[in-house]
Amino acid sequence: PAHVDPPTPGLRSWLGTRLREAATWRELGQALLTGFLLWPVEALVVTVALVCPAALAATPLLLATAGEGRELKVLKAVTVTGQAQACGLAALGLAALATGLYGVGVAAGARAGLTRLLVLPRAGEAEARVRELASSRVRLVDAFEAERRRIERDLHDGAQQRLVALTMTLGLARLDAPPGGPLAAQLAGAHAQADAALAELRELIHGIHPQVLADHGLAAAVADAADRSPVPVETGVDLPGRLPGAVEAAAYFVVREALANVARHSGARRARVRGAHRRGRLVLEVEDDGRGGAGPAAGSGLTGLGDRVSVLDGRLSVTSPPGGPTLVRVEIPCATQPTADGPCA
């Protein structure tokens, strides 16, 4: 759209925004041009191309009715005194009507072209709008990742520590309880439940944003995900340095979801993850020797992964013929960042 939303509600904000936009003045110029100049021209075109030929085509009928079969003046210019002459004018009118319809179409196309020229945004304005949308999309991605990290930090420093303290308290209470009694059995059950809840919370925290990804980067996080996979995974991620946080997070979750799909749906015996930074792009490949047939229609979450990658101007492709193998390839444009050992190559 050519117009932007006002920064604040209210007539004053709306009016100030509209008056500063070039699109407003282009639309006003289009309205004035139409109201004072174009409509008479369009009325003349319709009259010459349609009304006059229609009057000529209706000459026999008009001669029989208004002219009482004797005499009729057509368009106040041609006098008709017989049906033969009226039929000739009717044939001429039909031919002119067909030509006029084509002429009206040409005039409508010219009018539409003029409207587009006057009203549509210029190339520079469209490019600026695209840049603004791209920047806002990047800001949303950064804000989303920052919120994920905040939730992970709050859970790690808050709820997890409380569960650890509760587990330790229950363990000490078990030591003080008489062995073999009902109280000891209840404390043992509570202790086991607290351990299970702590394990689930740790898995949840790891799923939100693993600490190894924040501390050691994508290669270490991919290796950690491979270790957690029930299917043996060979990893080979070679990166010259750290990548932007949003890129690392998106790439990691793509790898994790792809490995989860391998374990759940593929029936594979082995999988392999390869990654590198080439020509300003992060390239990741997840391959397995399973049964194949993966795709967005299979409900494996590939559509969501593709949307997540596309936000970063990346691309996700899946090659999975029936019978396998399946290859998930991710390409995300990004630049490497300096590490603690110095700037990367």
# chains A, B, ... in the order shown; residues from 1 in each chain; ligands from 1
$ closest_atom_pairs --of "stretch 274-326 of chain A" --to "stretch 257-266 of chain A" --cutoff "10 Å" --atoms "only C-alpha atoms" --output "Markdown table"
| residue | atom | partner | partner_atom | distance |
| --- | --- | --- | --- | --- |
| A:Glu285 | CA | A:Ala258 | CA | 9.8 |
| A:Val286 | CA | A:Ala258 | CA | 7.0 |
| A:Glu287 | CA | A:Val262 | CA | 8.9 |
| A:Asp288 | CA | A:Val262 | CA | 7.0 |
| A:Asp289 | CA | A:Ser266 | CA | 8.1 |
| A:Gly290 | CA | A:Ser266 | CA | 4.7 |
| A:Arg291 | CA | A:Ser266 | CA | 5.5 |
| A:Gly292 | CA | A:Ser266 | CA | 6.5 |
| A:Gly293 | CA | A:Ser266 | CA | 8.5 |
| A:Ala294 | CA | A:Ser266 | CA | 8.2 |
| A:Ala298 | CA | A:His265 | CA | 9.8 |
| A:Ser300 | CA | A:Asn261 | CA | 6.6 |
| A:Gly301 | CA | A:Glu257 | CA | 7.8 |
| A:Leu302 | CA | A:Ala258 | CA | 8.4 |
| A:Leu305 | CA | A:Glu257 | CA | 8.2 |
| A:Gly323 | CA | A:Ser266 | CA | 9.8 |
| A:Gly324 | CA | A:Ser266 | CA | 8.7 |
| A:Pro325 | CA | A:Ser266 | CA | 9.3 |
| A:Thr326 | CA | A:Ser266 | CA | 8.5 |
$ closest_residue --among "A:Val119, A:Leu183, A:Ala219, A:Ala192" --to "A:Met168" --atoms "only C-alpha atoms"
A:Ala192
$ atom_distance --atom1 "atom CA of A:Gly180" --atom2 "atom CA of A:Gln193"
19.2 Å
$ residues_around --residues "A:Thr99" --least-positions-apart "2" --cutoff "12 Å" --atoms "only C-alpha atoms" --output "list in words"
Val48, Ala49, Leu50, Cys52, Pro53, Ala54, Leu92, Gly93, Leu94, Ala95, Ala96, Leu97, Leu101, Tyr102, Gly103, Val104, Gly105 and Val106 of chain A
